[in-house]
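Reproduced below: work26.cif, with mmCIF, C-alpha atoms and all ligand atoms.
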```cif
data_start
#
loop_
_atom_site.label_atom_id
_atom_site.label_comp_id
_atom_site.auth_asym_id
_atom_site.auth_seq_id
_atom_site.Cartn_x
_atom_site.Cartn_y
_atom_site.Cartn_z
CA ARG V 300 37.44 -11.53 -8.44
CA GLU V 301 37.11 -9.45 -5.29
CA GLN V 302 33.95 -9.47 -3.28
CA THR V 303 31.38 -6.77 -4.13
CA PRO V 304 31.57 -4.22 -1.35
CA SER V 305 28.47 -3.18 0.55
CA CYS V 306 27.42 0.23 1.79
CA ALA V 307 28.69 1.11 5.26
CA GLY V 308 25.48 3.10 5.80
CA CYS V 309 22.65 0.81 4.84
CA GLY V 310 24.39 -2.43 3.95
CA VAL V 311 23.08 -2.64 0.40
CA THR V 312 25.31 -4.28 -2.21
CA LEU V 313 27.00 -1.48 -4.11
CA GLN V 314 26.79 -1.03 -7.87
CA THR V 315 27.97 1.62 -10.32
CA GLU V 316 25.61 0.96 -13.22
CA ASN V 317 22.12 2.29 -12.50
CA ALA V 318 21.57 5.50 -10.52
CA GLU V 319 17.90 4.73 -9.99
CA LYS V 320 18.47 1.34 -8.38
CA PRO V 321 19.53 0.76 -4.77
CA GLY V 322 23.23 0.66 -3.99
CA PHE V 323 24.37 3.05 -6.70
CA LEU V 324 27.49 5.14 -6.36
CA PRO V 325 29.66 6.77 -8.97
CA GLU V 326 32.76 4.75 -9.87
CA THR V 327 35.06 7.44 -8.46
CA SER V 328 33.48 7.24 -5.01
CA LEU V 329 34.48 3.61 -4.58
CA GLN V 330 37.81 4.86 -3.23
CA ARG V 331 36.17 6.64 -0.33
CA ASP V 332 36.51 5.26 3.17
CA PRO V 333 34.06 4.29 4.49
CA VAL V 334 32.34 3.63 1.21
CA ILE V 335 28.63 4.45 1.21
CA CYS V 336 25.98 4.46 -1.49
CA GLN V 337 24.83 7.70 -3.09
CA ARG V 338 21.52 7.55 -1.29
CA CYS V 339 23.16 7.36 2.15
CA PHE V 340 25.69 9.98 1.09
CA ARG V 341 22.95 12.45 0.23
CA ILE V 342 21.06 11.90 3.44
CA LYS V 343 24.21 12.17 5.49
CA HIS V 344 25.71 15.25 3.89
CA TYR V 345 22.77 17.11 2.42
CA ASN V 346 19.94 15.82 4.63
CA GLU V 347 18.20 14.87 1.45
CA ALA V 348 16.37 11.66 0.64
CA SER V 349 16.42 10.50 -2.97
CA SER V 350 14.20 8.21 -5.00
CA VAL V 351 15.35 4.69 -5.75
CA ALA V 352 13.09 1.97 -7.07
CA LEU V 353 12.61 -1.78 -6.78
CA ASP V 354 10.60 -4.06 -8.99
CA GLN V 355 7.67 -5.94 -7.50
CA ASP V 356 9.41 -9.19 -6.59
CA ASP V 357 12.24 -7.51 -4.73
CA PHE V 358 9.80 -5.20 -3.08
CA LEU V 359 7.64 -8.09 -1.89
CA ARG V 360 10.73 -9.60 -0.28
CA LEU V 361 11.35 -6.34 1.48
CA LEU V 362 7.72 -6.09 2.59
CA GLY V 363 7.98 -9.57 3.98
CA SER V 364 10.39 -8.34 6.61
CA ILE V 365 8.09 -5.63 7.99
CA GLY V 366 6.09 -8.14 9.96
CA THR V 367 9.13 -9.04 12.07
CA THR V 368 9.78 -5.41 13.01
CA ASN V 369 8.19 -3.27 15.68
CA SER V 370 7.16 -0.29 13.63
CA LEU V 371 4.49 2.14 12.64
CA VAL V 372 4.05 1.49 8.92
CA VAL V 373 3.51 4.74 7.04
CA HIS V 374 2.06 4.06 3.61
CA ILE V 375 2.23 7.07 1.29
CA VAL V 376 -0.14 7.14 -1.65
CA ASP V 377 -0.75 9.69 -4.38
CA LEU V 378 -4.28 11.09 -4.16
CA TYR V 379 -4.24 11.67 -7.88
CA ASP V 380 -3.28 8.04 -8.55
CA PHE V 381 -4.92 6.31 -5.62
CA GLU V 382 -5.59 2.84 -7.08
CA GLY V 383 -2.33 3.03 -9.03
CA SER V 384 -0.17 3.73 -6.00
CA LEU V 385 -1.90 1.74 -3.26
CA ILE V 386 0.17 -1.29 -2.30
CA SER V 387 -2.42 -4.00 -2.51
CA GLY V 388 -1.93 -6.76 0.01
CA LEU V 389 0.10 -4.53 2.34
CA GLN V 390 -2.09 -5.73 5.19
CA ARG V 391 -0.79 -9.28 4.78
CA PHE V 392 2.78 -8.15 5.33
CA VAL V 393 2.57 -5.76 8.25
CA GLY V 394 1.85 -8.32 10.95
CA ASN V 395 0.53 -6.60 14.05
CA ASN V 396 2.06 -3.27 13.16
CA PRO V 397 -0.32 -0.33 12.79
CA VAL V 398 -0.64 1.30 9.37
CA LEU V 399 -0.91 5.05 8.91
CA LEU V 400 -2.14 6.05 5.45
CA VAL V 401 -0.67 9.35 4.26
CA VAL V 402 -2.41 10.68 1.16
CA ASN V 403 -0.11 13.09 -0.64
CA LYS V 404 -0.60 15.75 -3.34
CA ILE V 405 -3.86 17.23 -2.07
CA ASP V 406 -2.64 20.50 -3.59
CA LEU V 407 -3.71 19.04 -6.95
CA LEU V 408 -7.39 19.04 -5.99
CA PRO V 409 -9.39 21.58 -7.94
CA LYS V 410 -9.94 24.83 -6.05
CA GLY V 411 -12.67 24.83 -3.43
CA MET V 412 -12.82 21.10 -2.80
CA ASN V 413 -13.84 19.81 0.60
CA VAL V 414 -10.82 17.78 1.72
CA ASN V 415 -12.79 16.05 4.47
CA ARG V 416 -15.22 14.59 1.97
CA ILE V 417 -12.30 13.27 -0.08
CA ARG V 418 -10.81 11.84 3.09
CA ASN V 419 -14.04 9.90 3.69
CA TRP V 420 -13.80 8.59 0.15
CA VAL V 421 -10.20 7.46 0.79
CA GLN V 422 -11.21 5.73 4.01
CA ARG V 423 -13.92 3.77 2.24
CA ALA V 424 -11.65 2.92 -0.67
CA ALA V 425 -8.79 1.75 1.58
CA LYS V 426 -11.18 -0.39 3.58
CA ALA V 427 -12.62 -1.91 0.42
CA GLN V 428 -9.05 -2.90 -0.52
CA GLY V 429 -8.67 -4.71 2.79
CA LEU V 430 -6.37 -2.15 4.39
CA ARG V 431 -6.94 -1.40 8.07
CA THR V 432 -5.54 1.97 8.98
CA VAL V 433 -5.13 3.67 12.36
CA ASP V 434 -5.60 7.00 10.61
CA VAL V 435 -5.78 8.65 7.19
CA ILE V 436 -3.86 11.92 6.81
CA MET V 437 -4.25 14.24 3.83
CA CYS V 438 -1.26 16.39 2.94
CA SER V 439 0.91 17.95 0.31
CA ALA V 440 4.57 17.31 0.96
CA LYS V 441 5.66 19.68 -1.77
CA ARG V 442 3.41 22.60 -0.87
CA ASN V 443 3.74 21.95 2.87
CA LYS V 444 0.03 21.50 3.47
CA GLY V 445 -1.21 19.36 6.35
CA PHE V 446 2.32 18.43 7.34
CA GLU V 447 1.58 19.27 10.97
CA HIS V 448 -1.11 16.57 10.87
CA VAL V 449 1.48 14.07 9.64
CA ILE V 450 3.77 14.90 12.59
CA GLU V 451 0.84 14.76 15.03
CA ALA V 452 -0.23 11.37 13.76
CA LEU V 453 3.33 10.03 13.96
CA GLU V 454 3.55 11.19 17.57
CA GLN V 455 0.18 9.77 18.44
CA HIS V 456 0.65 6.34 16.89
CA ARG V 457 4.36 5.70 17.08
CA GLY V 458 4.78 4.83 20.74
CA ASP V 459 8.26 3.32 21.02
CA ARG V 460 8.33 2.09 17.46
CA ASP V 461 10.39 2.81 14.39
CA ILE V 462 8.64 4.48 11.45
CA TYR V 463 8.70 2.30 8.34
CA VAL V 464 7.86 4.31 5.22
CA VAL V 465 6.59 2.51 2.11
CA GLY V 466 5.16 3.74 -1.17
CA ALA V 467 5.11 3.33 -4.93
CA THR V 468 7.39 5.47 -7.10
CA ASN V 469 6.52 9.13 -7.69
CA VAL V 470 4.06 9.42 -4.81
CA GLY V 471 6.30 12.03 -3.18
CA LYS V 472 7.96 9.76 -0.63
CA SER V 473 11.34 11.48 -0.91
CA THR V 474 9.77 14.91 -0.71
CA LEU V 475 7.94 13.91 2.46
CA ILE V 476 10.94 12.22 4.03
CA ASN V 477 13.04 15.28 3.32
CA ARG V 478 10.57 17.30 5.36
CA LEU V 479 10.67 14.72 8.12
CA ILE V 480 14.46 14.86 8.16
CA ARG V 481 14.32 18.62 8.46
CA ASP V 482 11.65 18.86 11.12
CA TYR V 483 11.68 15.60 12.95
CA SER V 484 14.91 13.62 12.84
CA ASN V 485 18.17 13.89 14.67
CA MET V 486 20.99 13.96 12.18
CA GLU V 487 23.57 14.44 14.93
CA ARG V 488 23.38 10.69 15.21
CA GLU V 489 24.87 8.43 12.60
CA LEU V 490 22.84 6.62 9.97
CA THR V 491 22.75 3.04 11.10
CA THR V 492 22.90 -0.28 9.38
CA SER V 493 19.88 -2.51 9.29
CA ARG V 494 19.48 -4.21 12.64
CA TYR V 495 16.61 -6.55 12.07
CA PRO V 496 17.29 -10.16 11.31
CA GLY V 497 16.16 -11.13 7.85
CA THR V 498 15.74 -7.57 6.65
CA THR V 499 16.59 -6.95 3.02
CA LEU V 500 19.30 -4.37 3.22
CA ASP V 501 17.81 -1.76 0.95
CA ALA V 502 16.35 0.41 3.66
CA VAL V 503 17.99 3.57 4.95
CA TYR V 504 17.72 4.26 8.67
CA ILE V 505 17.32 7.90 9.58
CA PRO V 506 17.86 8.43 13.30
CA LEU V 507 15.27 9.91 15.65
CA ASP V 508 15.90 11.48 19.07
CA ASP V 509 14.88 8.48 21.08
CA GLY V 510 17.19 6.01 19.36
CA LYS V 511 14.48 4.85 16.96
CA SER V 512 14.58 5.43 13.22
CA ILE V 513 12.63 6.48 10.20
CA ILE V 514 13.19 3.68 7.72
CA ASP V 515 13.09 4.80 4.10
CA THR V 516 12.45 1.93 1.69
CA PRO V 517 12.83 2.01 -2.10
CA GLY V 518 9.74 2.94 -4.10
CA ILE V 519 7.88 0.06 -5.67
CA VAL V 520 7.55 0.05 -9.44
CA TYR V 521 4.08 -0.90 -10.68
CA SER V 522 4.10 -1.41 -14.42
CA SER V 523 0.32 -0.96 -14.30
CA ARG V 524 0.69 2.82 -14.08
CA MET V 525 0.93 5.10 -17.09
CA THR V 526 3.76 6.92 -15.28
CA GLU V 527 5.86 3.74 -15.54
CA VAL V 528 5.20 2.95 -19.20
CA VAL V 529 6.03 6.37 -20.67
CA PRO V 530 9.61 7.45 -21.30
CA ARG V 531 11.20 9.56 -18.56
CA SER V 532 11.21 12.53 -20.89
CA PHE V 533 7.41 12.51 -20.84
CA LEU V 534 6.88 12.11 -17.10
CA GLY V 535 6.79 15.86 -16.54
CA SER V 536 3.69 16.23 -18.74
CA LEU V 537 1.95 13.38 -16.96
CA LEU V 538 2.53 14.43 -13.36
CA PRO V 539 0.46 17.53 -12.69
CA ASP V 540 2.08 20.22 -10.60
CA LYS V 541 -0.78 22.69 -10.22
CA PRO V 542 -4.38 22.24 -9.09
CA ILE V 543 -6.19 20.33 -11.79
CA LYS V 544 -8.66 22.29 -13.87
CA PRO V 545 -11.42 19.81 -14.66
CA LEU V 546 -12.39 19.71 -18.33
CA VAL V 547 -16.08 19.20 -19.02
CA TYR V 548 -17.30 17.67 -22.30
CA GLN V 549 -20.91 17.22 -23.35
CA LEU V 550 -20.90 14.14 -25.53
CA ASN V 551 -23.40 12.30 -27.66
CA GLU V 552 -23.03 8.59 -28.03
CA GLN V 553 -20.59 7.58 -30.75
CA GLN V 554 -18.18 10.37 -29.85
CA THR V 555 -14.55 9.93 -28.88
CA LEU V 556 -12.01 11.86 -26.83
CA PHE V 557 -8.30 11.42 -27.36
CA ILE V 558 -6.15 12.20 -24.33
CA GLY V 559 -3.03 13.32 -26.13
CA SER V 560 -1.82 10.27 -27.99
CA LEU V 561 -1.80 8.30 -24.74
CA ALA V 562 -5.35 7.05 -24.35
CA ARG V 563 -8.72 7.10 -26.03
CA PHE V 564 -12.20 7.35 -24.50
CA ASP V 565 -15.20 6.24 -26.59
CA PHE V 566 -18.74 7.05 -25.49
CA VAL V 567 -20.28 4.07 -27.27
CA GLU V 568 -23.86 4.10 -26.10
CA GLY V 569 -26.11 6.16 -23.84
CA GLU V 570 -28.04 9.41 -23.66
CA ARG V 571 -26.24 12.70 -24.22
CA GLN V 572 -24.41 13.55 -21.00
CA SER V 573 -21.38 15.30 -19.58
CA PHE V 574 -17.98 13.82 -18.79
CA THR V 575 -15.38 15.58 -16.66
CA LEU V 576 -11.68 14.91 -17.21
CA TYR V 577 -9.29 15.11 -14.27
CA ILE V 578 -5.94 14.85 -16.00
CA SER V 579 -2.72 16.85 -16.15
CA ASN V 580 -3.54 20.11 -17.86
CA ALA V 581 -0.36 19.72 -19.91
CA LEU V 582 -2.18 17.06 -21.97
CA HIS V 583 -4.11 17.94 -25.09
CA VAL V 584 -7.68 16.65 -25.51
CA HIS V 585 -9.18 16.11 -28.94
CA ARG V 586 -12.83 15.29 -29.67
CA THR V 587 -13.98 13.42 -32.75
CA LYS V 588 -16.58 11.00 -34.07
CA LEU V 589 -16.04 7.39 -33.05
CA GLU V 590 -16.25 6.23 -36.66
CA ARG V 591 -13.30 8.49 -37.53
CA ALA V 592 -11.19 7.64 -34.48
CA ASP V 593 -9.12 4.71 -35.79
CA GLU V 594 -8.09 6.53 -38.91
CA LEU V 595 -7.39 9.79 -37.09
CA TYR V 596 -5.09 8.00 -34.67
CA GLU V 597 -3.12 6.25 -37.38
CA GLU V 598 -2.64 9.49 -39.28
CA HIS V 599 -2.10 11.98 -36.49
CA LYS V 600 -0.79 10.22 -33.38
CA GLY V 601 2.15 12.04 -31.84
CA GLU V 602 1.36 15.10 -33.92
CA LEU V 603 -2.06 16.75 -34.25
CA LEU V 604 -3.40 14.60 -31.40
CA GLY V 605 -0.68 15.79 -29.06
CA ALA V 606 2.16 14.23 -27.10
CA PRO V 607 3.82 11.85 -26.63
CA SER V 608 5.70 12.16 -29.90
CA ARG V 609 5.86 9.32 -32.43
CA ASP V 610 9.36 8.53 -31.21
CA GLU V 611 8.24 8.34 -27.61
CA LEU V 612 5.19 6.28 -28.60
CA ALA V 613 7.47 3.68 -30.16
CA SER V 614 8.65 2.67 -26.67
CA ILE V 615 5.13 2.52 -25.17
CA PRO V 616 3.10 -0.71 -25.36
CA GLU V 617 0.27 -0.94 -27.91
CA TRP V 618 -3.23 -0.09 -26.72
CA THR V 619 -5.72 -2.62 -25.48
CA ARG V 620 -9.44 -1.99 -25.20
CA HIS V 621 -11.38 -2.01 -21.93
CA SER V 622 -15.17 -2.14 -22.26
CA LEU V 623 -16.92 -0.62 -19.27
CA ARG V 624 -20.59 -0.49 -18.42
CA VAL V 625 -21.49 2.40 -16.14
CA LYS V 626 -24.69 1.47 -14.35
CA PRO V 627 -27.45 4.01 -13.84
CA GLY V 628 -27.46 5.59 -10.39
CA GLU V 629 -24.39 7.00 -8.65
CA LYS V 630 -21.67 9.00 -10.37
CA GLN V 631 -18.70 6.90 -11.42
CA ASP V 632 -15.10 7.55 -12.41
CA VAL V 633 -13.33 5.80 -15.25
CA PHE V 634 -9.89 5.60 -13.64
CA ILE V 635 -6.71 5.15 -15.70
CA ALA V 636 -3.74 4.46 -13.42
CA GLY V 637 -1.04 7.12 -13.61
CA LEU V 638 -3.08 9.30 -15.96
CA GLY V 639 -6.14 10.45 -14.02
CA TRP V 640 -9.84 9.83 -14.39
CA ILE V 641 -13.00 10.74 -16.27
CA GLN V 642 -16.09 11.34 -14.22
CA VAL V 643 -19.30 10.12 -15.81
CA ASN V 644 -21.86 12.66 -14.71
CA GLY V 645 -24.99 11.29 -16.31
CA LEU V 646 -26.98 9.15 -13.92
CA ARG V 647 -28.57 7.10 -16.68
CA GLY V 648 -25.70 4.82 -17.44
CA ALA V 649 -23.31 4.55 -20.36
CA LEU V 650 -21.30 2.08 -22.39
CA ILE V 651 -17.70 3.16 -22.65
CA ASP V 652 -14.59 1.82 -24.33
CA VAL V 653 -11.19 2.92 -23.10
CA TYR V 654 -7.98 2.31 -25.04
CA ALA V 655 -4.79 2.47 -23.01
CA PRO V 656 -1.29 0.97 -23.28
CA LYS V 657 -1.30 -2.73 -22.54
CA GLY V 658 -0.80 -3.43 -18.84
CA VAL V 659 -2.07 -0.07 -17.62
CA LYS V 660 -4.80 -0.52 -15.04
CA VAL V 661 -8.23 0.78 -16.08
CA LEU V 662 -11.21 0.51 -13.74
CA LEU V 663 -14.56 1.92 -12.69
CA ARG V 664 -14.96 3.34 -9.21
CA ASP V 665 -17.35 5.45 -7.16
CA SER V 666 -16.64 9.08 -7.93
CA MET V 667 -13.96 10.64 -5.76
CA ILE V 668 -15.15 14.17 -6.37
P1 LIG F 701 9.13 9.38 -4.75
O1 LIG F 701 9.46 8.69 -6.04
O2 LIG F 701 7.93 8.81 -4.10
O3 LIG F 701 10.28 9.53 -3.81
O4 LIG F 701 8.62 10.85 -5.14
P2 LIG F 701 9.37 12.25 -5.23
O5 LIG F 701 9.43 12.86 -3.86
O6 LIG F 701 10.62 12.12 -6.00
O7 LIG F 701 8.25 13.04 -6.05
C1 LIG F 701 7.78 12.57 -7.32
C2 LIG F 701 7.16 13.74 -8.07
O8 LIG F 701 5.99 14.20 -7.40
C3 LIG F 701 8.08 14.94 -8.18
O9 LIG F 701 7.84 15.53 -9.43
C4 LIG F 701 7.60 15.85 -7.06
O10 LIG F 701 7.89 17.20 -7.32
C5 LIG F 701 6.13 15.56 -7.06
N1 LIG F 701 5.51 15.78 -5.73
C6 LIG F 701 5.92 15.34 -4.52
N2 LIG F 701 5.07 15.75 -3.55
C7 LIG F 701 4.11 16.47 -4.16
C8 LIG F 701 2.94 17.18 -3.71
O11 LIG F 701 2.60 17.24 -2.53
N3 LIG F 701 2.18 17.79 -4.68
C9 LIG F 701 2.53 17.77 -6.00
N4 LIG F 701 1.74 18.42 -6.86
N5 LIG F 701 3.60 17.12 -6.45
C10 LIG F 701 4.38 16.48 -5.56
#
```
Here is the file; what I need is its structure written in the form of structure tokens.
Ligand code: GDP
Amino acid sequence: REQTPSCAGCGVTLQTENAEKPGFLPETSLQRDPVICQRCFRIKHYNEASSVALDQDDFLRLLGSIGTTNSLVVHIVDLYDFEGSLISGLQRFVGNNPVLLVVNKIDLLPKGMNVNRIRNWVQRAAKAQGLRTVDVIMCSAKRNKGFEHVIEALEQHRGDRDIYVVGATNVGKSTLINRLIRDYSNMERELTTSRYPGTTLDAVYIPLDDGKSIIDTPGIVYSSRMTEVVPRSFLGSLLPDKPIKPLVYQLNEQQTLFIGSLARFDFVEGERQSFTLYISNALHVHRTKLERADELYEEHKGELLGAPSRDELASIPEWTRHSLRVKPGEKQDVFIAGLGWIQVNGLRGALIDVYAPKGVKVLLRDSMI
């Protein structure tokens, strides 16, 4: 059996099976000389980065090599899925390299929000997670908002370093890198092979003017995000594309909200108060009495209760229950990774049960908004 060839661009082992994994190229392109993976091909010929993904173990191996590089680590997170997309423990891997946190998708914020206040929230939250950042930049790669601040920050903090870009899947890493390629890189130069000893060869090097590179790494797959447990066909309904219109519900205790057929929110105990949903407006919300909720779900999931369909639901893990006690005092968010959050507006506390597919991260946090 002949040896598996590797990509002449990035060095990754080539494969023809899975277009979403590193090293993919169509069978027919194996004849090309030099042979390069589809990802390198696209960057080279179309100046276009594409999304590939790695599972957590492989990604940790890749992260492990950052510490030996001399780079500015740019960590892209999704504002709308902050705790879902933050790479926990990144600090342990970066060595002495500075970390720039780029918070993407600020275009999704409801109209009239004060972005600086949100930025303060992000700074506190990142710090609480043990991440030390040289700066936090808010932007929208897709809608080209705040991109000049990204460039400024790169200039300010890069020095003579490479730029090492890391992020979870669907945070908009490719969209952002495509902008960087357009406005910031030097594609006259060739894409280069990994030069660092011990580097896992899944990173693509995009040349910069001064001989340094932007290093695009695969997106990390966190199975704790709703976006990773739903079928691909449903992803479009889950990822909002327009500013989120918050939905406000006045609930009495013993009332339930279904978020499509994806999750369930029970207000178990507490005084009448309002709850604000920050979720994709493509999802249907249905209110009912808690005592009716089990039966309603069994009878109407995937239909009256809204998407995903029964067929799609069959591939999603069963729900587990998370019991949360919101303490009196500050406003809190019930955060469901990859789905959004529910702000608890009453300051008198509440007992809440959340049902979400097994493995999906559910937590309480200080309100973002
Ligand atoms: P990657 O997996 O991190 O490379 O992410 P992609 O660049 O492929 O983007 C994932 C999804 O998020 C796509 O549907 C994009 O259109 C969308 N997206 C990327 N950037 C933004 C943004 O700034 N705002 C919004 N609303 N969506 C974005």
Å distance separating atom CA of Asn469 of chain V from atom CA of Asp354 of chain V, one decimal place: 13.9 Å
Ligand LIG 701 (chain F): which residues are within 7 Å, counting all atoms listed in the file, as a VMD selection string? chain V and resid 349 to 350 403 to 407 438 to 442 466 to 475 518 538 to 541
Scan for residues within 12 Å of the point (7.5, 16.6, -19.1) in the coordinates of the file, using all atoms listed in the file, and reply as a list of chain:residue names.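 Using all atoms listed in the file, the matching residues come out as V:Thr526, V:Val529, V:Pro530, V:Arg531, V:Ser532, V:Phe533, V:Leu534, V:Gly535, V:Ser536, V:Leu537, V:Leu538, V:Pro539, V:Asp540, V:Ser579, V:Asn580, V:Ala581, V:Leu582, V:Ala606, V:Pro607, V:Ser608, V:Glu611.
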Preceding selection exported with C-alpha atoms as a short mmCIF file (atom, residue, chain, number, x, y, z; two decimals), in the coordinates of the input:
```cif
data_model
loop_
_atom_site.label_atom_id
_atom_site.label_comp_id
_atom_site.auth_asym_id
_atom_site.auth_seq_id
_atom_site.Cartn_x
_atom_site.Cartn_y
_atom_site.Cartn_z
CA THR V 526 3.76 6.92 -15.28
CA VAL V 529 6.03 6.37 -20.67
CA PRO V 530 9.61 7.45 -21.30
CA ARG V 531 11.20 9.56 -18.56
CA SER V 532 11.21 12.53 -20.89
CA PHE V 533 7.41 12.51 -20.84
CA LEU V 534 6.88 12.11 -17.10
CA GLY V 535 6.79 15.86 -16.54
CA SER V 536 3.69 16.23 -18.74
CA LEU V 537 1.95 13.38 -16.96
CA LEU V 538 2.53 14.43 -13.36
CA PRO V 539 0.46 17.53 -12.69
CA ASP V 540 2.08 20.22 -10.60
CA SER V 579 -2.72 16.85 -16.15
CA ASN V 580 -3.54 20.11 -17.86
CA ALA V 581 -0.36 19.72 -19.91
CA LEU V 582 -2.18 17.06 -21.97
CA ALA V 606 2.16 14.23 -27.10
CA PRO V 607 3.82 11.85 -26.63
CA SER V 608 5.70 12.16 -29.90
CA GLU V 611 8.24 8.34 -27.61
#
```
Two-atom distance - atom CA of Arg460 of chain V, atom CA of His374 of chain V (Å): 15.3 Å
Fewer than 4 positions away in the same chain doesn't count, so skip those; otherwise give me all residues within 7 Å of Tyr548 of chain V, counting only C-alpha atoms, as a PyMOL selection string. chain V and resi 573-575
Those selected residues, please, written with C-alpha atoms and delivered as a compact mmCIF listing (two decimals), keeping the file's coordinate frame.
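Result file follows (result_32.txt):
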```
# COMPACT_ATOMS: atom_id res chain seq x y z
CA SER V 573 -21.38 15.30 -19.58
CA PHE V 574 -17.98 13.82 -18.79
CA THR V 575 -15.38 15.58 -16.66
```
Just how far from atom CA of Asp356 of chain V is atom CA of Val372 of chain V, in Å to one decimal?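 For atom CA of Val372 of chain V relative to atom CA of Asp356 of chain V, the distance reads 19.6 Å.
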Can you pull out the residues contacting segment 654-667 of chain V? Cut-off 8 Å, using all atoms listed in the file, and skip same-chain residues under 2 positions away; I want them as a PyMOL selection string. chain V and resi 383+417+420+522-525+528+561-564+615-621+623+625+629-636+642+652
Looking at all atoms listed in the file, which of V:Leu371, V:Leu556, V:Ile514, V:Leu576 is the one that sits closest to Val643 of chain V?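 Among the listed residues, the smallest separation from Val643 of chain V belongs to V:Leu576.
Residue nearest Asn369 of chain V within the list V:Cys306, V:Val414, V:Val401, V:Val393: V:Val393 [criterion: smallest interatomic distance, only C-alpha atoms].
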